[in-house]
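> Dropping in start-v8.txt, with compact mmCIF, C-alpha atoms and all ligand atoms.
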# COMPACT_ATOMS: atom_id res chain seq x y z
CA MET A 1 47.97 20.30 18.29
CA PRO A 2 45.44 19.15 20.91
CA SER A 3 42.81 16.63 19.84
CA SER A 4 39.13 17.57 19.51
CA ILE A 5 38.48 15.76 22.78
CA GLU A 6 41.07 17.74 24.70
CA LEU A 7 39.89 20.99 23.19
CA PHE A 8 36.33 20.42 24.30
CA GLU A 9 36.66 18.87 27.69
CA GLY A 10 35.86 21.16 30.58
CA SER A 11 33.37 24.00 30.69
CA GLN A 12 32.07 23.65 27.10
CA LYS A 13 30.75 20.12 27.52
CA SER A 14 27.90 21.04 29.88
CA THR A 15 27.09 24.03 27.70
CA PHE A 16 26.74 21.82 24.65
CA SER A 17 24.23 19.41 26.24
CA GLU A 18 22.35 22.20 28.02
CA GLN A 19 21.93 24.08 24.78
CA VAL A 20 20.63 20.97 23.03
CA VAL A 21 18.18 20.21 25.86
CA ARG A 22 16.89 23.80 25.92
CA TRP A 23 16.43 23.76 22.16
CA TYR A 24 14.65 20.40 22.34
CA HIS A 25 12.05 21.76 24.76
CA LEU A 26 11.37 24.68 22.43
CA HIS A 27 11.67 23.11 18.98
CA GLY A 28 12.14 19.34 19.21
CA ARG A 29 9.67 16.76 17.92
CA LYS A 30 7.20 15.59 20.54
CA ASN A 31 4.30 14.23 18.52
CA LEU A 32 5.83 11.20 16.85
CA PRO A 33 3.72 8.07 17.46
CA TRP A 34 6.49 6.22 19.33
CA GLN A 35 6.86 9.16 21.72
CA GLN A 36 3.28 8.86 22.94
CA GLU A 37 3.53 5.59 24.86
CA THR A 38 4.33 6.17 28.52
CA GLY A 39 3.57 2.78 30.02
CA ASP A 40 5.09 -0.69 29.91
CA ASN A 41 5.42 -0.72 26.12
CA LYS A 42 7.62 2.37 25.95
CA ALA A 43 10.87 0.47 25.34
CA TYR A 44 9.19 -1.71 22.70
CA HIS A 45 7.97 1.39 20.83
CA VAL A 46 11.35 3.12 21.04
CA TRP A 47 13.19 0.03 19.85
CA LEU A 48 10.84 -0.63 16.94
CA SER A 49 11.02 2.99 15.77
CA GLU A 50 14.82 3.04 16.06
CA ILE A 51 15.15 -0.05 13.88
CA MET A 52 12.65 1.28 11.32
CA LEU A 53 14.37 4.68 11.22
CA GLN A 54 17.79 3.23 10.42
CA GLN A 55 17.40 3.68 6.66
CA THR A 56 13.99 5.24 6.26
CA GLN A 57 12.55 8.75 6.52
CA VAL A 58 10.31 9.60 9.49
CA VAL A 59 7.22 10.23 7.32
CA LYS A 60 7.32 6.72 5.88
CA VAL A 61 8.21 5.12 9.22
CA ILE A 62 5.10 6.63 10.87
CA GLU A 63 2.85 4.67 8.51
CA TYR A 64 4.75 1.40 9.04
CA PHE A 65 5.08 1.89 12.78
CA ASP A 66 1.33 2.44 13.25
CA ARG A 67 0.51 -0.64 11.18
CA PHE A 68 3.04 -2.76 13.06
CA ILE A 69 1.90 -1.65 16.52
CA THR A 70 -1.78 -2.10 15.65
CA ALA A 71 -1.10 -5.70 14.58
CA LEU A 72 1.42 -6.51 17.34
CA PRO A 73 0.80 -4.10 20.23
CA THR A 74 3.24 -5.64 22.71
CA LEU A 75 6.66 -7.23 22.62
CA GLU A 76 5.04 -10.51 23.68
CA ASP A 77 2.68 -10.29 20.69
CA LEU A 78 5.71 -9.86 18.44
CA ALA A 79 7.44 -12.84 20.05
CA GLY A 80 4.35 -15.00 19.50
CA ALA A 81 3.81 -13.91 15.88
CA ASP A 82 4.59 -16.00 12.86
CA GLU A 83 7.74 -14.87 11.00
CA GLN A 84 5.74 -14.47 7.79
CA GLN A 85 3.39 -12.02 9.55
CA VAL A 86 6.37 -10.00 10.82
CA LEU A 87 7.89 -9.91 7.33
CA ALA A 88 4.53 -8.91 5.82
CA LEU A 89 4.29 -5.98 8.24
CA TRP A 90 7.83 -5.01 7.20
CA SER A 91 7.18 -5.41 3.46
CA GLY A 92 8.37 -2.32 1.62
CA LEU A 93 10.87 -1.14 4.25
CA GLY A 94 13.67 -3.32 2.84
CA TYR A 95 16.57 -4.71 4.92
CA TYR A 96 14.47 -7.70 5.94
CA ASN A 97 17.13 -9.02 8.29
CA ARG A 98 16.10 -6.22 10.61
CA ALA A 99 12.60 -7.65 10.81
CA ARG A 100 13.98 -11.15 11.42
CA ASN A 101 16.22 -9.82 14.17
CA LEU A 102 13.29 -7.96 15.76
CA HIS A 103 11.41 -11.21 15.90
CA LYS A 104 14.38 -13.16 17.31
CA THR A 105 15.04 -10.48 19.93
CA ALA A 106 11.40 -10.40 21.04
CA LYS A 107 11.51 -14.18 21.55
CA LEU A 108 14.75 -13.91 23.57
CA CYS A 109 13.23 -11.15 25.73
CA VAL A 110 10.25 -13.37 26.50
CA GLU A 111 12.52 -16.30 27.26
CA TYR A 112 15.20 -14.54 29.33
CA HIS A 113 14.01 -11.05 30.33
CA ASP A 114 10.41 -11.43 31.55
CA GLY A 115 8.97 -10.22 28.25
CA THR A 116 10.64 -6.80 28.30
CA LEU A 117 13.75 -5.26 26.80
CA PRO A 118 16.44 -5.37 29.51
CA GLU A 119 17.30 -2.12 31.25
CA ASN A 120 20.99 -2.72 30.79
CA LEU A 121 23.20 -1.48 27.95
CA ASP A 122 25.36 -4.61 27.63
CA GLN A 123 22.40 -6.97 27.73
CA LEU A 124 20.68 -4.92 25.03
CA ILE A 125 23.79 -5.00 22.82
CA ASP A 126 23.87 -8.80 23.18
CA LEU A 127 20.46 -9.07 21.50
CA PRO A 128 20.23 -9.65 17.72
CA GLY A 129 20.07 -6.46 15.65
CA ILE A 130 20.75 -4.06 18.54
CA GLY A 131 23.97 -2.10 18.18
CA ARG A 132 25.52 0.28 20.67
CA SER A 133 23.64 3.37 19.49
CA THR A 134 20.23 1.65 19.35
CA ALA A 135 20.84 0.20 22.82
CA ALA A 136 21.75 3.68 24.10
CA ALA A 137 18.64 5.19 22.48
CA ILE A 138 16.49 2.62 24.30
CA MET A 139 18.34 3.28 27.57
CA SER A 140 17.96 7.05 27.35
CA LEU A 141 14.55 7.46 25.69
CA ALA A 142 12.73 4.62 27.45
CA TYR A 143 14.67 4.15 30.69
CA HIS A 144 16.02 7.71 31.21
CA GLN A 145 19.64 6.62 31.61
CA ALA A 146 22.46 8.92 30.48
CA GLU A 147 23.79 6.70 27.69
CA PRO A 148 25.17 8.53 24.65
CA ILE A 149 23.99 7.69 21.14
CA MET A 150 25.81 7.99 17.83
CA ASP A 151 23.44 7.48 14.90
CA GLY A 152 23.92 8.94 11.42
CA ASN A 153 22.42 12.32 12.29
CA VAL A 154 24.38 12.66 15.50
CA LYS A 155 27.65 11.70 13.78
CA ARG A 156 27.08 14.60 11.39
CA VAL A 157 26.42 17.11 14.22
CA PHE A 158 29.47 15.98 16.21
CA ALA A 159 31.74 15.77 13.16
CA ARG A 160 30.90 19.39 12.31
CA TYR A 161 30.75 20.83 15.80
CA PHE A 162 34.06 19.28 16.86
CA MET A 163 35.58 19.16 13.36
CA VAL A 164 36.28 15.44 13.53
CA SER A 165 38.17 14.37 10.44
CA GLY A 166 38.00 10.93 8.80
CA GLU A 167 35.05 8.98 7.37
CA PRO A 168 32.46 8.75 10.15
CA ASN A 169 32.11 4.97 9.91
CA LYS A 170 35.85 4.24 10.04
CA SER A 171 36.77 2.69 13.38
CA SER A 172 39.38 5.38 14.21
CA THR A 173 36.83 8.16 13.56
CA LEU A 174 34.12 6.33 15.46
CA LYS A 175 36.41 6.05 18.44
CA VAL A 176 36.80 9.85 18.55
CA LEU A 177 33.07 10.43 18.01
CA TRP A 178 32.09 8.01 20.78
CA GLN A 179 34.61 9.58 23.14
CA LEU A 180 33.10 13.01 22.46
CA ALA A 181 29.63 11.58 23.05
CA GLU A 182 30.82 10.11 26.36
CA ASN A 183 32.33 13.46 27.38
CA ASN A 184 29.06 15.21 26.63
CA ARG A 185 26.64 12.95 28.49
CA GLU A 186 23.55 14.66 29.85
CA ARG A 187 22.74 13.24 33.28
CA HIS A 188 19.68 15.30 34.20
CA GLN A 189 17.52 15.03 31.10
CA PRO A 190 18.96 12.19 29.03
CA ALA A 191 15.78 11.56 27.02
CA ALA A 192 15.40 15.23 26.05
CA TYR A 193 19.11 15.39 25.13
CA THR A 194 19.02 12.23 23.00
CA GLN A 195 15.86 13.27 21.19
CA GLY A 196 17.21 16.81 20.86
CA LEU A 197 20.42 15.60 19.21
CA MET A 198 18.49 13.39 16.81
CA ASP A 199 16.11 16.22 15.93
CA LEU A 200 18.92 18.73 15.55
CA GLY A 201 20.63 16.46 13.04
CA ALA A 202 17.39 15.71 11.21
CA THR A 203 15.99 19.24 10.99
CA VAL A 204 18.79 21.82 11.48
CA CYS A 205 22.24 20.32 10.93
CA THR A 206 21.03 18.59 7.79
CA LYS A 207 23.25 16.87 5.26
CA ASN A 208 22.69 19.57 2.66
CA LYS A 209 22.20 23.25 3.45
CA PRO A 210 22.36 23.12 7.26
CA LYS A 211 20.34 25.91 8.90
CA CYS A 212 23.21 27.32 10.92
CA THR A 213 21.50 30.64 11.66
CA SER A 214 18.81 28.84 13.68
CA CYS A 215 21.19 26.33 15.25
CA PRO A 216 21.31 26.38 19.07
CA ILE A 217 24.99 25.35 19.18
CA LYS A 218 26.30 27.61 16.42
CA LYS A 219 28.52 29.64 18.76
CA GLY A 220 30.72 26.67 19.59
CA CYS A 221 30.62 25.01 16.18
CA GLN A 222 34.17 24.70 14.86
CA ALA A 223 33.26 23.90 11.28
CA LYS A 224 31.00 26.95 11.13
CA ALA A 225 33.63 29.19 12.70
CA LYS A 226 36.16 28.09 10.09
CA GLU A 227 33.56 28.03 7.30
CA VAL A 228 34.40 24.47 6.33
CA ILE A 229 31.03 22.83 7.04
CA GLU A 230 30.89 21.12 3.65
CA GLN A 231 34.10 19.23 4.49
CA TYR A 232 32.47 17.55 7.53
CA PRO A 233 31.67 14.75 7.92
CA GLN A 234 34.16 13.45 5.38
CA LYS A 235 32.37 11.78 2.45
CA LYS A 236 32.54 8.03 2.03
CA GLN A 237 34.34 6.76 -1.02
CA LYS A 238 31.61 5.47 -3.27
CA VAL A 239 31.75 1.80 -4.20
CA ARG A 240 30.08 1.16 -7.53
CA PRO A 241 27.18 -1.26 -7.01
CA LYS A 242 27.39 -4.54 -8.87
CA GLU A 243 25.00 -5.02 -11.77
CA VAL A 244 23.08 -8.29 -11.79
CA ASP A 245 20.67 -9.64 -14.43
CA LEU A 246 17.70 -11.68 -13.25
CA TYR A 247 15.01 -13.40 -15.29
CA ALA A 248 11.55 -13.44 -13.73
CA LEU A 249 8.54 -15.48 -14.75
CA LEU A 250 5.23 -13.63 -14.53
CA CYS A 251 2.21 -15.88 -14.46
CA LEU A 252 -1.28 -14.50 -13.76
CA LYS A 253 -4.63 -16.23 -13.36
CA ASP A 254 -7.97 -14.85 -12.11
CA GLY A 255 -6.44 -11.85 -10.35
CA ARG A 256 -3.73 -13.98 -8.77
CA VAL A 257 -0.01 -14.14 -9.36
CA ALA A 258 2.21 -17.20 -9.04
CA LEU A 259 4.81 -16.62 -6.32
CA SER A 260 7.40 -18.84 -4.76
CA LEU A 261 9.12 -18.55 -1.39
CA ARG A 262 12.74 -17.46 -1.76
CA ASP A 263 15.19 -19.70 0.00
CA GLU A 264 17.40 -18.55 2.88
CA LYS A 265 20.56 -18.11 0.81
CA SER A 266 19.04 -16.34 -2.16
CA ILE A 267 18.26 -12.71 -2.81
CA TRP A 268 15.21 -11.69 -0.70
CA PRO A 269 15.34 -14.70 1.66
CA SER A 270 11.97 -15.86 3.09
CA LEU A 271 10.05 -13.41 0.92
CA TRP A 272 7.63 -14.22 -1.89
CA PHE A 273 8.57 -13.39 -5.46
CA MET A 274 7.93 -14.61 -8.97
CA PRO A 275 9.98 -17.66 -9.96
CA LEU A 276 13.46 -16.32 -10.74
CA PHE A 277 16.17 -17.63 -13.03
CA LYS A 278 19.82 -16.67 -13.36
CA SER A 279 19.84 -16.76 -17.15
CA GLU A 280 17.48 -16.43 -20.08
CA GLN A 281 18.53 -19.90 -21.15
CA SER A 282 17.50 -21.53 -17.86
CA LEU A 283 14.14 -19.75 -17.91
CA LYS A 284 13.48 -20.69 -21.53
CA SER A 285 14.47 -24.30 -21.10
CA ALA A 286 12.06 -24.66 -18.13
CA HIS A 287 9.30 -22.62 -19.82
CA PRO A 288 9.76 -22.54 -23.61
CA LYS A 289 6.42 -20.78 -24.13
CA ALA A 290 7.31 -17.80 -21.92
CA LYS A 291 7.53 -14.53 -23.85
CA VAL A 292 9.71 -11.60 -22.94
CA GLN A 293 7.64 -8.57 -21.85
CA PHE A 294 9.86 -5.84 -20.48
CA SER A 295 12.91 -5.15 -18.33
CA LEU A 296 13.21 -2.88 -15.36
CA THR A 297 15.97 -1.61 -13.13
CA HIS A 298 15.69 -2.05 -9.39
CA LYS A 299 18.34 -0.58 -7.11
CA LEU A 300 19.43 -2.20 -3.86
CA THR A 301 22.19 -0.84 -1.62
CA HIS A 302 25.02 -2.81 -3.16
CA ARG A 303 23.45 -4.11 -6.32
CA ILE A 304 21.62 -2.82 -9.34
CA LEU A 305 19.21 -5.45 -10.57
CA GLN A 306 18.16 -5.65 -14.19
CA ILE A 307 15.02 -7.74 -14.02
CA HIS A 308 13.87 -9.19 -17.35
CA VAL A 309 10.22 -10.18 -17.08
CA TYR A 310 8.81 -13.06 -19.11
CA LEU A 311 5.08 -13.72 -19.28
CA LEU A 312 3.83 -17.29 -19.20
CA ALA A 313 0.26 -17.23 -20.53
CA GLU A 314 -0.51 -20.87 -19.66
CA PRO A 315 0.56 -22.01 -16.18
CA ILE A 316 2.23 -25.25 -17.19
CA ASN A 317 5.33 -26.78 -15.59
CA LEU A 318 4.91 -24.51 -12.60
CA THR A 319 5.99 -26.13 -9.38
CA ASP A 320 6.40 -24.85 -5.83
CA VAL A 321 4.26 -21.77 -6.36
CA ASN A 322 1.38 -20.23 -4.46
CA TRP A 323 -1.31 -18.32 -6.28
CA VAL A 324 -1.55 -15.09 -4.35
CA SER A 325 -4.38 -12.60 -4.84
CA ILE A 326 -2.90 -9.32 -6.10
CA ARG A 327 -5.42 -7.40 -3.98
CA GLU A 328 -4.20 -9.19 -0.85
CA LEU A 329 -0.50 -8.96 -1.64
CA GLN A 330 -0.05 -6.84 1.48
CA GLU A 331 -0.54 -9.95 3.63
CA CYS A 332 2.28 -11.75 1.88
CA PRO A 333 5.84 -10.57 2.60
CA HIS A 334 7.45 -9.54 -0.67
CA PRO A 335 10.11 -7.11 -1.92
CA LYS A 336 9.13 -3.78 -3.50
CA ALA A 337 10.43 -4.98 -6.86
CA LEU A 338 7.34 -7.20 -7.14
CA ASN A 339 5.01 -4.17 -6.89
CA HIS A 340 7.04 -2.37 -9.56
CA ILE A 341 6.80 -5.33 -11.91
CA LEU A 342 3.05 -5.70 -11.43
CA GLU A 343 2.52 -1.95 -11.93
CA GLN A 344 4.62 -1.98 -15.08
CA HIS A 345 2.73 -5.01 -16.39
CA GLU A 346 -0.58 -3.16 -15.79
CA ASN A 347 0.67 -0.22 -17.87
CA HIS A 348 2.24 -2.36 -20.55
S1 LIG A 401 26.27 25.61 13.31
FE1 LIG A 401 25.66 24.66 11.42
S2 LIG A 401 27.18 23.07 11.02
FE2 LIG A 401 27.38 23.69 13.16
S3 LIG A 401 26.16 22.22 14.28
FE3 LIG A 401 24.86 23.98 13.86
S4 LIG A 401 23.81 23.54 11.92
FE4 LIG A 401 25.53 22.10 12.15
As structure tokens, what does this structure read like?
Ligand code: SF4

Amino acid sequence: MPSSIELFEGSQKSTFSEQVVRWYHLHGRKNLPWQQETGDNKAYHVWLSEIMLQQTQVVKVIEYFDRFITALPTLEDLAGADEQQVLALWSGLGYYNRARNLHKTAKLCVEYHDGTLPENLDQLIDLPGIGRSTAAAIMSLAYHQAEPIMDGNVKRVFARYFMVSGEPNKSSTLKVLWQLAENNRERHQPAAYTQGLMDLGATVCTKNKPKCTSCPIKKGCQAKAKEVIEQYPQKKQKVRPKEVDLYALLCLKDGRVALSLRDEKSIWPSLWFMPLFKSEQSLKSAHPKAKVQFSLTHKLTHRILQIHVYLLAEPINLTDVNWVSIRELQECPHPKALNHILEQHENH
């Protein structure tokens, strides 16, 4: 039995990329904010959008992207910014290490690459937070080089089109997917091809109910031909997230909330949150007058947090806190859980 790669080498490979490029020109997305820059900041915009899009829907990213670019219009501005400002601009997107890596990478680009993202795949991959697919997206979308990408959407398209078995993030599966991507490079219009593949995965070959009838590559799609689309890509085995109880101290005064800076090794490092305790006993022994208010569930990727909120009416024995205006919370990098707690307290 020949492998998927052998089956699809030869005449079909140019057809695949040509079809995607043609479809992109007719139906692809061309009005996204990071597609508008054509000058020196192009690579910066592409990179920022790629990092923001890694776990977040386009609609939400647009709002964050515009805010970020307005505050820090160039890569040099990002390099010169304070980490707390970068985290504040990222607040609500989650995965804060991505924001820290953006900041680190911008500084390295200023120090070693004349203030721009290098036009070289290997040098891009060497930078913090830039993996092979993000580097290839920068190379193709910003620098018009024929480097193949393999993000979540593209993995789905390839897994179905070529019927690639195995979980898409397993190294053996990834090897096959990358090889297929290499075999199907588009040398003439790499930016249109890359954007076309991303758009195809996001709008046509969707996770649920793919729109095969309007798909430009339906004729060659193996999973469609065999009517086994739902089997590709193979589903990941779900790992049950760990449940963790946390005890939070809510202290309010004149429209301000007491927040402390989380340390590097804790949950939500370098973000501001209410003083947190690992047990009810430790909270009560530090603040005997605190009264339990409510509990809420907050889901992270690998953890489900049960946050038990205690209200301290009189701010006594409070150390290492800043009183932050609730109206200006936006300026202060904090996890979404803080907004949920404050909203729930309002309605309590
Ligand atoms: S035909 Fe359907 S399953 Fe195949 S690539 Fe197109 S949308 Fe995806």
> Check which residues fall inside 12 Å of ligand LIG 401 (chain A) when counting all atoms listed in the file, and print them as an MDAnalysis selection string.
chainID A and resid 16 19:20 23 153:163 197:233
> Within 10 Å of (13.3, 4.1, 29.5), in the coordinates the file gives, what residues turn up when you count only C-alpha atoms, written out as a ChimeraX atom specification?
/A:38-44,46,117-119,137-145,190-191
> Which one is closest to Leu174 in chain A: A:His345, A:Arg132, A:Lys60, A:Arg29? Count all atoms listed in the file.
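For Leu174 in chain A, the nearest of the candidates is A:Arg132.
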> If we count only C-alpha atoms, what is near range 102-113 of chain A at a cut-off of 8 Å, once residues fewer than 2 positions away on the same chain are taken out, given as a compact mmCIF listing (two decimals) with C-alpha atoms, in the coordinates of the input?

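Done, and the output landed in around_11.txt:
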# COMPACT_ATOMS: atom_id res chain seq x y z
CA LEU A 48 10.84 -0.63 16.94
CA LEU A 75 6.66 -7.23 22.62
CA GLU A 76 5.04 -10.51 23.68
CA LEU A 78 5.71 -9.86 18.44
CA ALA A 79 7.44 -12.84 20.05
CA GLY A 80 4.35 -15.00 19.50
CA GLU A 83 7.74 -14.87 11.00
CA VAL A 86 6.37 -10.00 10.82
CA ARG A 98 16.10 -6.22 10.61
CA ALA A 99 12.60 -7.65 10.81
CA ARG A 100 13.98 -11.15 11.42
CA GLY A 115 8.97 -10.22 28.25
CA THR A 116 10.64 -6.80 28.30
CA LEU A 117 13.75 -5.26 26.80
CA PRO A 118 16.44 -5.37 29.51
CA LEU A 127 20.46 -9.07 21.50
CA PRO A 128 20.23 -9.65 17.72
CA GLY A 129 20.07 -6.46 15.65
> To one decimal place in Å, what is the distance between CA of Tyr24 in chain A and CA of Arg185 in chain A?
15.4 Å
